[in-house]
Amino acid sequence: MPLAPLAILLALATPVAALAGPVDDIVRLDMLPGWRAEDGTQMAGFRITLAPGWKTYWRAPGEAGIPPQINWSGSENVAGVAFHWPVPEIFHIGGYETYGYSDQVVLPVAIAPARTGAPMRIAGQLEIGVCQDVCVPVTLDFSADLPTGARRDPALALALADRAKTPAEAGLDPARCAFAPGADGLSLTATLPAGTDAEAVVIETGDPSLWAAPVQLRREGGAIVASTRISHIARAPVAIDRSALVLTAIGGGKAVEFRGCAPA
C-alpha cells in the first residue's frame, strides 16, 4: 500500500501508552516501536487490547460502525504513513453487518521520514469507536520517539503476515465491474473470479463523498457477483474512478484485496 501524505491522512492507526477516565476498563493501546529499515522507513505497530465482549472497527466499518480517524499534528520528521491492515472479523449484530476486531489486534504502520537519518517522533490523537451493546467514541492522545534499531518485533511481524492477499498472491484473475445509471446514483456489479472465497465483499470507492449501499452477493458458476448502489452524500452526480476502487473479499479468516476494477 502506498504511503499516504501526512497532511491528508484520515485512517486508523494508533498509539498511546495510558488511558484516562471511564474507558480504562474497555480498551488499552500500546505502541510497538518496531524497527528502522535501510531506506529510513520505520515499521511500527499499535496494539489494541479490548475488554471481553467489546470490539473496534476496521478501516471500512460496515453498515453501522464508527470509522477510525487519526490526527498526526504533533509528529516530527514524518512525511507519510501506510497501514497494513490485518484481516478483519465479520460481525452480525442487530441486523447489521460490520467489520473489525475483538480481543486484541496489532495494526502495523510504515512511517516515512521527511529527512532520512533524523530522529522521528509521532504524536497526535486517535479517534475510534469501541462497541458492545452500545458504541462509545474514544479519543486517545499519543506520543512516542521512534528508535533507530533494525531488530524485528515478532508480534509485529505476525501482524504483517495477517493481511489480505493480492489476487496474484491468491492465484486469482482481476475483478471486473459494470456500472449502470440510476435515479440516485450508480449501480455497481462486480464479478470476482472463480476460486474467490467470500462470506462478505467490502467495496471502497476511494471518495469519502460517496456512499455504497450494503453489498448483495450471489454465485454464478464459480464466480462471486457483488452488487451495490453508490450514491453521493450531497445528492450530487456520481463519478467513479475505477483505479481507486478497492474490493475486499473476506471469508474463512482470510481476505483478498482487489485494487482497481476492469470493465466487465
# chains A, B, ... in the order shown; residues from 1 in each chain; ligands from 1
$ residues_around --residues "Val106 in chain A" --least-positions-apart "5" --cutoff "6 Å" --atoms "only C-alpha atoms" --output "CSV table (one decimal) with all heavy atoms, in the first residue's frame"
chain,number,residue,atom,x,y,z
A,46,PHE,N,0.7,-0.7,16.5
A,46,PHE,CA,-0.1,-0.3,17.6
A,46,PHE,C,-1.0,-1.4,18.1
A,46,PHE,O,-1.8,-2.0,17.3
A,46,PHE,CB,-1.0,0.9,17.3
A,46,PHE,CG,-0.1,2.1,16.8
A,46,PHE,CD1,0.1,2.3,15.5
A,46,PHE,CD2,0.5,2.9,17.8
A,46,PHE,CE1,0.9,3.4,15.1
A,46,PHE,CE2,1.3,4.0,17.4
A,46,PHE,CZ,1.5,4.2,16.0
A,47,ARG,N,-0.9,-1.8,19.3
A,47,ARG,CA,-1.6,-3.0,19.8
A,47,ARG,C,-2.8,-2.5,20.6
A,47,ARG,O,-2.7,-1.7,21.6
A,47,ARG,CB,-0.7,-3.8,20.8
A,47,ARG,CG,-1.4,-5.0,21.3
A,47,ARG,CD,-0.4,-5.9,22.0
A,47,ARG,NE,0.3,-5.2,23.0
A,47,ARG,CZ,1.6,-5.4,23.4
A,47,ARG,NH1,2.3,-6.4,22.7
A,47,ARG,NH2,2.2,-4.7,24.3
A,159,ALA,N,1.6,-9.8,12.7
A,159,ALA,CA,0.5,-9.0,12.2
A,159,ALA,C,0.7,-8.6,10.8
A,159,ALA,O,-0.3,-8.5,10.0
A,159,ALA,CB,0.4,-7.7,13.1
$ residues_around --residues "Ile250 in chain A" --least-positions-apart "4" --cutoff "8 Å" --atoms "only C-alpha atoms" --output "VMD selection string"
chain A and resid 87 to 88 197 to 202 254 to 256
$ closest_residue --among "A:Arg235, A:Arg115, A:Val130, A:Cys261" --to "Arg28 in chain A" --atoms "only C-alpha atoms"
A:Val130
$ closest_residue --among "A:Ala236, A:Cys135, A:Ala262, A:Ala60" --to "Gly206 in chain A" --atoms "only C-alpha atoms"
A:Ala60
$ select_by_dssp --residues "range 58-168 of chain A" --states "strand (DSSP E or B)" --output "VMD selection string"
chain A and resid 58 to 62 69 to 71 76 80 to 83 86 89 to 93 96 to 102 104 to 112 120 to 131 135 to 146 163 165
$ residues_around --residues "range 210-223 of chain A" --least-positions-apart "3" --cutoff "7 Å" --atoms "only C-alpha atoms" --output "list in words"
Glu63, Thr191, Leu192, Pro193, Ala194, Gly195, Val201, Asp207, Ala226, Ser227, Thr228, Arg229, Ile230, Ser231, His232 and Ile233 of chain A
$ select_by_dssp --residues "range 8-159 of chain A" --states "alpha helix (DSSP H)" --output "PyMOL selection string"
chain A and resi 154-159
$ decode --residues "range 125-160 of chain A" --atoms "C-alpha atoms" --output "mmCIF file, in the first residue's frame"
data_model
loop_
_atom_site.group_PDB
_atom_site.id
_atom_site.type_symbol
_atom_site.label_atom_id
_atom_site.label_comp_id
_atom_site.auth_asym_id
_atom_site.auth_seq_id
_atom_site.Cartn_x
_atom_site.Cartn_y
_atom_site.Cartn_z
ATOM 1 C CA GLN A 125 -4.919 11.942 18.764
ATOM 2 C CA LEU A 126 -6.676 8.748 17.730
ATOM 3 C CA GLU A 127 -10.456 8.522 17.498
ATOM 4 C CA ILE A 128 -12.045 5.057 17.394
ATOM 5 C CA GLY A 129 -15.361 3.502 18.242
ATOM 6 C CA VAL A 130 -15.474 0.627 20.714
ATOM 7 C CA CYS A 131 -18.732 -1.270 20.861
ATOM 8 C CA GLN A 132 -20.553 -3.910 22.841
ATOM 9 C CA ASP A 133 -24.324 -3.415 23.291
ATOM 10 C CA VAL A 134 -23.663 0.289 22.763
ATOM 11 C CA CYS A 135 -20.858 2.144 20.984
ATOM 12 C CA VAL A 136 -18.508 4.503 22.819
ATOM 13 C CA PRO A 137 -16.425 7.020 20.835
ATOM 14 C CA VAL A 138 -12.932 7.211 22.318
ATOM 15 C CA THR A 139 -10.268 9.877 21.749
ATOM 16 C CA LEU A 140 -6.744 8.980 22.835
ATOM 17 C CA ASP A 141 -3.623 11.143 22.928
ATOM 18 C CA PHE A 142 -0.344 9.541 21.917
ATOM 19 C CA SER A 143 3.306 10.464 21.606
ATOM 20 C CA ALA A 144 6.459 8.426 21.125
ATOM 21 C CA ASP A 145 10.041 8.809 19.936
ATOM 22 C CA LEU A 146 10.823 6.056 17.411
ATOM 23 C CA PRO A 147 14.018 4.022 17.798
ATOM 24 C CA THR A 148 16.591 3.617 15.060
ATOM 25 C CA GLY A 149 17.400 -0.069 15.610
ATOM 26 C CA ALA A 150 16.852 -2.786 12.982
ATOM 27 C CA ARG A 151 15.707 -5.644 15.258
ATOM 28 C CA ARG A 152 12.373 -7.106 14.103
ATOM 29 C CA ASP A 153 9.490 -7.487 16.556
ATOM 30 C CA PRO A 154 7.895 -10.988 16.303
ATOM 31 C CA ALA A 155 4.392 -9.740 17.251
ATOM 32 C CA LEU A 156 4.590 -7.039 14.600
ATOM 33 C CA ALA A 157 5.921 -9.497 12.011
ATOM 34 C CA LEU A 158 2.973 -11.837 12.683
ATOM 35 C CA ALA A 159 0.526 -8.966 12.247
ATOM 36 C CA LEU A 160 2.159 -8.022 8.940
#
